$ cat protein_38.tsv   # TSV, C-alpha atoms
chain	number	residue	atom	x	y	z
J	1204	MET	CA	4.69	-9.48	10.44
J	1205	PRO	CA	6.33	-7.32	7.76
J	1206	ARG	CA	4.06	-5.32	5.44
J	1207	ALA	CA	5.09	-7.46	2.43
J	1208	THR	CA	4.12	-10.62	4.32
J	1209	ALA	CA	0.74	-9.11	5.19
J	1210	LEU	CA	0.09	-8.20	1.56
J	1211	ASP	CA	1.06	-11.74	0.49
J	1212	LEU	CA	-1.24	-13.28	3.12
J	1213	ILE	CA	-4.25	-11.28	1.96
J	1214	SER	CA	-3.40	-11.98	-1.70
J	1215	ARG	CA	-3.41	-15.72	-0.94
J	1216	TYR	CA	-6.75	-15.35	0.90
J	1217	TYR	CA	-8.38	-13.79	-2.16
J	1218	ALA	CA	-6.72	-16.19	-4.59
J	1219	ALA	CA	-8.22	-19.03	-2.55
J	1220	PHE	CA	-11.62	-17.28	-2.56
J	1221	ASN	CA	-11.57	-16.91	-6.34
J	1222	ALA	CA	-10.51	-20.55	-6.72
J	1223	GLY	CA	-13.44	-21.64	-4.53
J	1224	ASP	CA	-10.93	-23.20	-2.13
J	1225	THR	CA	-12.48	-22.44	1.25
J	1226	ASP	CA	-10.14	-24.93	2.95
J	1227	ALA	CA	-7.18	-22.80	1.83
J	1228	MET	CA	-8.93	-19.65	3.12
J	1229	GLU	CA	-9.58	-21.30	6.48
J	1230	ALA	CA	-5.96	-22.46	6.73
J	1231	LEU	CA	-4.88	-18.80	6.84
J	1232	LEU	CA	-6.87	-18.05	10.01
J	1233	SER	CA	-5.32	-17.37	13.38
J	1234	PRO	CA	-6.62	-19.05	16.55
J	1235	GLY	CA	-9.29	-16.81	18.08
J	1236	PHE	CA	-10.40	-15.70	14.59
J	1237	GLU	CA	-13.47	-13.43	14.34
J	1238	HIS	CA	-15.61	-12.84	11.26
J	1239	HIS	CA	-17.56	-9.57	11.37
J	1240	VAL	CA	-20.21	-9.80	8.70
J	1241	ASN	CA	-22.05	-6.94	6.99
J	1242	GLU	CA	-25.59	-6.91	8.41
J	1243	GLY	CA	-24.92	-9.91	10.66
J	1244	ASN	CA	-23.56	-11.22	13.91
J	1245	ILE	CA	-19.91	-11.78	14.74
J	1246	ARG	CA	-18.86	-15.36	14.07
J	1247	LYS	CA	-16.08	-16.59	16.33
J	1248	GLY	CA	-13.70	-19.37	15.41
J	1249	ALA	CA	-12.75	-21.33	12.32
J	1250	GLU	CA	-15.74	-23.70	12.62
J	1251	ALA	CA	-18.23	-20.82	12.40
J	1252	PHE	CA	-16.32	-19.45	9.40
J	1253	ARG	CA	-16.38	-22.91	7.78
J	1254	ASP	CA	-20.18	-23.05	8.24
J	1255	PHE	CA	-20.51	-19.57	6.76
J	1256	ASN	CA	-18.42	-20.56	3.73
J	1257	ALA	CA	-20.54	-23.67	3.15
J	1258	HIS	CA	-23.69	-21.56	3.27
J	1259	MET	CA	-22.24	-18.96	0.90
J	1260	THR	CA	-21.07	-21.62	-1.56
J	1261	ARG	CA	-24.59	-23.09	-1.63
J	1262	CYS	CA	-26.36	-19.74	-2.15
J	1263	TYR	CA	-23.88	-17.73	-4.24
J	1264	LYS	CA	-21.23	-18.14	-6.91
J	1265	GLU	CA	-18.88	-15.17	-6.64
J	1266	HIS	CA	-15.66	-14.03	-8.27
J	1267	LEU	CA	-13.78	-10.93	-7.16
J	1268	THR	CA	-12.16	-8.51	-9.60
J	1269	ASP	CA	-10.30	-5.20	-9.33
J	1270	ILE	CA	-8.80	-6.27	-5.98
J	1271	VAL	CA	-6.62	-3.62	-4.34
J	1272	ILE	CA	-4.87	-4.67	-1.11
J	1273	MET	CA	-3.29	-2.29	1.39
J	1274	ALA	CA	-1.44	-2.92	4.66
J	1275	ASN	CA	0.10	-0.82	7.41
J	1276	ASP	CA	3.87	-0.78	7.87
J	1277	ALA	CA	3.66	-3.05	10.93
J	1278	GLY	CA	1.75	-5.70	8.96
J	1279	THR	CA	-0.92	-5.91	11.66
J	1280	ARG	CA	-3.77	-4.34	9.68
J	1281	ALA	CA	-4.81	-4.67	6.07
J	1282	ALA	CA	-7.70	-3.68	3.85
J	1283	ALA	CA	-8.95	-4.64	0.41
J	1284	GLU	CA	-11.34	-3.05	-2.02
J	1285	PHE	CA	-12.84	-5.10	-4.83
J	1286	VAL	CA	-15.83	-5.78	-7.06
J	1287	VAL	CA	-17.99	-8.84	-6.41
J	1288	ASN	CA	-19.28	-10.45	-9.60
J	1289	GLY	CA	-21.88	-12.95	-8.55
J	1290	VAL	CA	-24.77	-15.24	-9.33
J	1291	TYR	CA	-27.54	-15.79	-6.77
J	1292	LEU	CA	-28.02	-19.57	-6.78
J	1293	GLU	CA	-30.29	-20.47	-3.86
J	1294	THR	CA	-32.63	-18.29	-1.80
J	1295	ASP	CA	-30.84	-17.12	1.33
J	1296	GLY	CA	-33.21	-16.92	4.29
J	1297	ASP	CA	-35.68	-14.03	3.99
J	1298	LEU	CA	-33.78	-12.35	1.16
J	1299	PRO	CA	-35.33	-12.14	-2.34
J	1300	THR	CA	-36.00	-15.40	-4.17
J	1301	ALA	CA	-33.00	-16.72	-6.06
J	1302	LYS	CA	-33.47	-17.30	-9.78
J	1303	GLY	CA	-29.89	-17.24	-11.00
J	1304	GLN	CA	-29.73	-13.44	-10.97
J	1305	GLU	CA	-26.34	-11.88	-11.68
J	1306	TYR	CA	-25.02	-8.94	-9.67
J	1307	VAL	CA	-22.00	-6.65	-9.56
J	1308	LEU	CA	-21.30	-5.10	-6.19
J	1309	PRO	CA	-18.43	-2.99	-4.87
J	1310	ALA	CA	-17.21	-4.17	-1.46
J	1311	GLY	CA	-14.38	-3.86	0.99
J	1312	THR	CA	-12.80	-5.84	3.80
J	1313	PHE	CA	-10.70	-4.89	6.81
J	1314	PHE	CA	-8.29	-7.37	8.37
J	1315	THR	CA	-6.48	-7.69	11.67
J	1316	LEU	CA	-3.36	-9.84	11.36
J	1317	ASP	CA	-1.13	-11.48	13.93
J	1318	GLU	CA	1.94	-13.71	13.81
J	1319	ARG	CA	-0.28	-16.76	13.19
J	1320	GLY	CA	-2.44	-15.41	10.39
J	1321	ILE	CA	-5.73	-13.58	9.90
J	1322	ALA	CA	-7.30	-12.76	13.26
J	1323	ARG	CA	-10.29	-10.73	12.02
J	1324	VAL	CA	-12.18	-10.21	8.77
J	1325	THR	CA	-14.77	-7.41	8.54
J	1326	THR	CA	-16.57	-7.10	5.21
J	1327	TYR	CA	-18.78	-4.24	4.05
J	1328	TYR	CA	-21.07	-3.89	1.02
J	1329	ASN	CA	-24.32	-2.11	0.22
J	1330	LEU	CA	-27.04	-4.66	0.95
J	1331	ALA	CA	-29.77	-2.38	-0.44
J	1332	ASP	CA	-27.90	-2.20	-3.76
J	1333	TRP	CA	-27.58	-5.99	-3.85
J	1334	VAL	CA	-31.31	-6.43	-3.10
J	1335	ARG	CA	-32.17	-3.95	-5.88
J	1336	GLN	CA	-30.02	-5.90	-8.34
J	1337	VAL	CA	-31.53	-9.31	-7.58
J	1338	SER	CA	-35.17	-8.21	-7.13
$ encode --input "protein_38.tsv" --output "structure tokens"
Amino acid sequence: MPRATALDLISRYYAAFNAGDTDAMEALLSPGFEHHVNEGNIRKGAEAFRDFNAHMTRCYKEHLTDIVIMANDAGTRAAAEFVVNGVYLETDGDLPTAKGQEYVLPAGTFFTLDERGIARVTTYYNLADWVRQVS
């Protein structure tokens, strides 16, 4: 896909994220999609990503700012850097207890793209920084 198309695809992904429209995010995925999560296991397929999004929506309210998107000339790889502005709504597993704490966390994501959409999402953030902010 052309670089401009890749940039548009990732822009739509983040616009959907900020709108809380996980269905629109999921519609951008390619068959065989993989979600590589910071501090977690690889989730394979749209259904696993849908479950992840439902979990995240229940536990966190997040809005991304300062989004910068980059893509290679071939349009097969992209990356984004951004700031996560969030509220911790519900305790997530063995993480600290949620009490509506706010956090601001720099993060980044790498994408693999193919002719059918987003084939891979790999997100990185500093979990220790997040824990410090909500503890």
$ closest_residue --input "protein_38.tsv" --among "J:Ala1209, J:Glu1242, J:Thr1260, J:Phe1236" --to "Ala1331 in chain J" --atoms "all atoms listed in the file"
J:Glu1242
$ residues_around --input "protein_38.tsv" --residues "Leu1330 in chain J" --least-positions-apart "5" --cutoff "10 Å" --atoms "all atoms listed in the file" --output "list in words"
Asn1241, Glu1242, Leu1308, Arg1335 and Gln1336 of chain J
$ atom_distance --input "protein_38.tsv" --atom1 "CA of Arg1246 in chain J" --atom2 "CA of Val1286 in chain J"
23.4 Å
$ closest_residue --input "protein_38.tsv" --among "J:Tyr1291, J:Trp1333, J:Phe1220, J:Phe1252" --to "Ala1310 in chain J" --atoms "only C-alpha atoms"
J:Trp1333
$ closest_residue --input "protein_38.tsv" --among "J:Met1259, J:Ala1301, J:Ile1245, J:Ile1272" --to "Arg1323 in chain J" --atoms "all atoms listed in the file"
J:Ile1245
$ atom_distance --input "protein_38.tsv" --atom1 "CA of Met1228 in chain J" --atom2 "CA of Thr1294 in chain J"
24.2 Å
$ closest_residue --input "protein_38.tsv" --among "J:Glu1229, J:Glu1265, J:Glu1318, J:Glu1284" --to "Glu1305 in chain J" --atoms "all atoms listed in the file"
J:Glu1265
$ closest_residue --input "protein_38.tsv" --among "J:Ala1257, J:Leu1210, J:Ala1277, J:Met1204" --to "Asp1224 in chain J" --atoms "only C-alpha atoms"
J:Ala1257
$ atom_distance --input "protein_38.tsv" --atom1 "CA of Tyr1216 in chain J" --atom2 "CA of Gly1296 in chain J"
26.7 Å
$ closest_residue --input "protein_38.tsv" --among "J:Leu1267, J:Val1240, J:Cys1262, J:Leu1292" --to "Tyr1328 in chain J" --atoms "only C-alpha atoms"
J:Val1240
$ residues_around --input "protein_38.tsv" --residues "Ala1218 in chain J" --least-positions-apart "5" --cutoff "12 Å" --atoms "all atoms listed in the file" --output "PyMOL selection string"
chain J and resi 1211-1213+1223-1225+1227-1228+1231+1266-1268+1270
$ write_last_selection --input "protein_38.tsv" --atoms "C-alpha atoms" --output "PDB file, in the frame of the given file"
ATOM      1  CA  ASP J1211       1.060 -11.740   0.490  1.00  0.00           C
ATOM      2  CA  LEU J1212      -1.240 -13.280   3.120  1.00  0.00           C
ATOM      3  CA  ILE J1213      -4.250 -11.280   1.960  1.00  0.00           C
ATOM      4  CA  GLY J1223     -13.440 -21.640  -4.530  1.00  0.00           C
ATOM      5  CA  ASP J1224     -10.930 -23.200  -2.130  1.00  0.00           C
ATOM      6  CA  THR J1225     -12.480 -22.440   1.250  1.00  0.00           C
ATOM      7  CA  ALA J1227      -7.180 -22.800   1.830  1.00  0.00           C
ATOM      8  CA  MET J1228      -8.930 -19.650   3.120  1.00  0.00           C
ATOM      9  CA  LEU J1231      -4.880 -18.800   6.840  1.00  0.00           C
ATOM     10  CA  HIS J1266     -15.660 -14.030  -8.270  1.00  0.00           C
ATOM     11  CA  LEU J1267     -13.780 -10.930  -7.160  1.00  0.00           C
ATOM     12  CA  THR J1268     -12.160  -8.510  -9.600  1.00  0.00           C
ATOM     13  CA  ILE J1270      -8.800  -6.270  -5.980  1.00  0.00           C
TER      14      ILE J1270
END
$ residues_around --input "protein_38.tsv" --residues "Arg1206 in chain J" --least-positions-apart "5" --cutoff "10 Å" --atoms "all atoms listed in the file" --output "PyMOL selection string"
chain J and resi 1211-1212+1273-1281
$ residues_near_point --input "protein_38.tsv" --point "(-23.5, -13.5, -8.3)" --cutoff "7 Å" --atoms "only C-alpha atoms" --output "VMD selection string"
chain J and resid 1263 to 1265 1288 to 1291 1304 to 1306
$ write_last_selection --input "protein_38.tsv" --atoms "C-alpha atoms" --output "compact mmCIF listing (two decimals), in the frame of the given file"
# COMPACT_ATOMS: atom_id res chain seq x y z
CA TYR J 1263 -23.88 -17.73 -4.24
CA LYS J 1264 -21.23 -18.14 -6.91
CA GLU J 1265 -18.88 -15.17 -6.64
CA ASN J 1288 -19.28 -10.45 -9.60
CA GLY J 1289 -21.88 -12.95 -8.55
CA VAL J 1290 -24.77 -15.24 -9.33
CA TYR J 1291 -27.54 -15.79 -6.77
CA GLN J 1304 -29.73 -13.44 -10.97
CA GLU J 1305 -26.34 -11.88 -11.68
CA TYR J 1306 -25.02 -8.94 -9.67
$ residues_near_point --input "protein_38.tsv" --point "(-18.5, -12.3, 9.7)" --cutoff "12 Å" --atoms "all atoms listed in the file" --output "PyMOL selection string"
chain J and resi 1236-1249+1251-1256+1259+1312-1314+1322-1327
$ build_atoms --input "protein_38.tsv" --residues "range 1204-1215 of chain J" --atoms "all heavy atoms" --output "PDB file, in the coordinates of the input"
ATOM      1  N   MET J1204       4.250  -8.952  11.719  1.00  0.00           N
ATOM      2  CA  MET J1204       4.690  -9.480  10.440  1.00  0.00           C
ATOM      3  C   MET J1204       5.018  -8.300   9.531  1.00  0.00           C
ATOM      4  O   MET J1204       4.353  -7.267   9.628  1.00  0.00           O
ATOM      5  CB  MET J1204       3.627 -10.419   9.867  1.00  0.00           C
ATOM      6  CG  MET J1204       2.547  -9.835   9.023  1.00  0.00           C
ATOM      7  SD  MET J1204       1.336 -11.002   8.321  1.00  0.00           S
ATOM      8  CE  MET J1204       0.952 -12.105   9.638  1.00  0.00           C
ATOM      9  N   PRO J1205       5.992  -8.424   8.674  1.00  0.00           N
ATOM     10  CA  PRO J1205       6.330  -7.320   7.760  1.00  0.00           C
ATOM     11  C   PRO J1205       5.169  -7.007   6.806  1.00  0.00           C
ATOM     12  O   PRO J1205       4.341  -7.878   6.502  1.00  0.00           O
ATOM     13  CB  PRO J1205       7.530  -7.868   6.974  1.00  0.00           C
ATOM     14  CG  PRO J1205       8.051  -9.006   7.786  1.00  0.00           C
ATOM     15  CD  PRO J1205       6.898  -9.547   8.551  1.00  0.00           C
ATOM     16  N   ARG J1206       5.129  -5.770   6.344  1.00  0.00           N
ATOM     17  CA  ARG J1206       4.060  -5.320   5.440  1.00  0.00           C
ATOM     18  C   ARG J1206       3.968  -6.234   4.214  1.00  0.00           C
ATOM     19  O   ARG J1206       2.875  -6.621   3.803  1.00  0.00           O
ATOM     20  CB  ARG J1206       4.330  -3.883   5.011  1.00  0.00           C
ATOM     21  CG  ARG J1206       3.298  -3.324   4.080  1.00  0.00           C
ATOM     22  CD  ARG J1206       3.565  -1.831   3.795  1.00  0.00           C
ATOM     23  NE  ARG J1206       2.544  -1.305   2.938  1.00  0.00           N
ATOM     24  CZ  ARG J1206       2.592  -1.346   1.600  1.00  0.00           C
ATOM     25  NH1 ARG J1206       3.628  -1.907   1.000  1.00  0.00           N
ATOM     26  NH2 ARG J1206       1.626  -0.844   0.892  1.00  0.00           N
ATOM     27  N   ALA J1207       5.096  -6.608   3.617  1.00  0.00           N
ATOM     28  CA  ALA J1207       5.090  -7.460   2.430  1.00  0.00           C
ATOM     29  C   ALA J1207       4.466  -8.824   2.731  1.00  0.00           C
ATOM     30  O   ALA J1207       3.736  -9.381   1.904  1.00  0.00           O
ATOM     31  CB  ALA J1207       6.506  -7.641   1.882  1.00  0.00           C
ATOM     32  N   THR J1208       4.710  -9.343   3.921  1.00  0.00           N
ATOM     33  CA  THR J1208       4.120 -10.620   4.320  1.00  0.00           C
ATOM     34  C   THR J1208       2.605 -10.486   4.473  1.00  0.00           C
ATOM     35  O   THR J1208       1.846 -11.368   4.069  1.00  0.00           O
ATOM     36  CB  THR J1208       4.755 -11.127   5.629  1.00  0.00           C
ATOM     37  OG1 THR J1208       6.165 -11.211   5.442  1.00  0.00           O
ATOM     38  CG2 THR J1208       4.211 -12.482   6.035  1.00  0.00           C
ATOM     39  N   ALA J1209       2.175  -9.360   5.044  1.00  0.00           N
ATOM     40  CA  ALA J1209       0.740  -9.110   5.190  1.00  0.00           C
ATOM     41  C   ALA J1209       0.057  -9.031   3.835  1.00  0.00           C
ATOM     42  O   ALA J1209      -1.008  -9.629   3.620  1.00  0.00           O
ATOM     43  CB  ALA J1209       0.516  -7.817   5.986  1.00  0.00           C
ATOM     44  N   LEU J1210       0.666  -8.310   2.905  1.00  0.00           N
ATOM     45  CA  LEU J1210       0.090  -8.200   1.560  1.00  0.00           C
ATOM     46  C   LEU J1210       0.017  -9.568   0.885  1.00  0.00           C
ATOM     47  O   LEU J1210      -0.980  -9.895   0.233  1.00  0.00           O
ATOM     48  CB  LEU J1210       0.924  -7.225   0.711  1.00  0.00           C
ATOM     49  CG  LEU J1210       0.873  -5.760   1.149  1.00  0.00           C
ATOM     50  CD1 LEU J1210       1.906  -4.951   0.379  1.00  0.00           C
ATOM     51  CD2 LEU J1210      -0.519  -5.187   0.993  1.00  0.00           C
ATOM     52  N   ASP J1211       1.050 -10.388   1.051  1.00  0.00           N
ATOM     53  CA  ASP J1211       1.060 -11.740   0.490  1.00  0.00           C
ATOM     54  C   ASP J1211      -0.038 -12.600   1.110  1.00  0.00           C
ATOM     55  O   ASP J1211      -0.733 -13.339   0.406  1.00  0.00           O
ATOM     56  CB  ASP J1211       2.428 -12.383   0.694  1.00  0.00           C
ATOM     57  CG  ASP J1211       2.452 -13.803   0.161  1.00  0.00           C
ATOM     58  OD1 ASP J1211       2.312 -13.976  -1.074  1.00  0.00           O
ATOM     59  OD2 ASP J1211       2.584 -14.737   0.977  1.00  0.00           O
ATOM     60  N   LEU J1212      -0.216 -12.499   2.422  1.00  0.00           N
ATOM     61  CA  LEU J1212      -1.240 -13.280   3.120  1.00  0.00           C
ATOM     62  C   LEU J1212      -2.628 -12.956   2.594  1.00  0.00           C
ATOM     63  O   LEU J1212      -3.417 -13.857   2.274  1.00  0.00           O
ATOM     64  CB  LEU J1212      -1.155 -13.004   4.631  1.00  0.00           C
ATOM     65  CG  LEU J1212      -2.180 -13.687   5.518  1.00  0.00           C
ATOM     66  CD1 LEU J1212      -2.005 -15.195   5.503  1.00  0.00           C
ATOM     67  CD2 LEU J1212      -2.059 -13.148   6.945  1.00  0.00           C
ATOM     68  N   ILE J1213      -2.931 -11.671   2.452  1.00  0.00           N
ATOM     69  CA  ILE J1213      -4.250 -11.280   1.960  1.00  0.00           C
ATOM     70  C   ILE J1213      -4.402 -11.645   0.483  1.00  0.00           C
ATOM     71  O   ILE J1213      -5.478 -12.071   0.049  1.00  0.00           O
ATOM     72  CB  ILE J1213      -4.496  -9.775   2.200  1.00  0.00           C
ATOM     73  CG1 ILE J1213      -4.360  -9.440   3.697  1.00  0.00           C
ATOM     74  CG2 ILE J1213      -5.870  -9.366   1.672  1.00  0.00           C
ATOM     75  CD1 ILE J1213      -5.183 -10.301   4.630  1.00  0.00           C
ATOM     76  N   SER J1214      -3.345 -11.544  -0.291  1.00  0.00           N
ATOM     77  CA  SER J1214      -3.400 -11.980  -1.700  1.00  0.00           C
ATOM     78  C   SER J1214      -3.729 -13.468  -1.794  1.00  0.00           C
ATOM     79  O   SER J1214      -4.533 -13.885  -2.641  1.00  0.00           O
ATOM     80  CB  SER J1214      -2.064 -11.702  -2.394  1.00  0.00           C
ATOM     81  OG  SER J1214      -1.846 -10.329  -2.507  1.00  0.00           O
ATOM     82  N   ARG J1215      -3.117 -14.272  -0.946  1.00  0.00           N
ATOM     83  CA  ARG J1215      -3.410 -15.720  -0.940  1.00  0.00           C
ATOM     84  C   ARG J1215      -4.853 -15.980  -0.512  1.00  0.00           C
ATOM     85  O   ARG J1215      -5.513 -16.881  -1.046  1.00  0.00           O
ATOM     86  CB  ARG J1215      -2.435 -16.449  -0.029  1.00  0.00           C
ATOM     87  CG  ARG J1215      -1.023 -16.478  -0.592  1.00  0.00           C
ATOM     88  CD  ARG J1215      -0.094 -17.334   0.224  1.00  0.00           C
ATOM     89  NE  ARG J1215      -0.516 -17.301   1.614  1.00  0.00           N
ATOM     90  CZ  ARG J1215       0.261 -17.432   2.666  1.00  0.00           C
ATOM     91  NH1 ARG J1215       1.517 -17.647   2.529  1.00  0.00           N
ATOM     92  NH2 ARG J1215      -0.202 -17.377   3.882  1.00  0.00           N
TER      93      ARG J1215
END
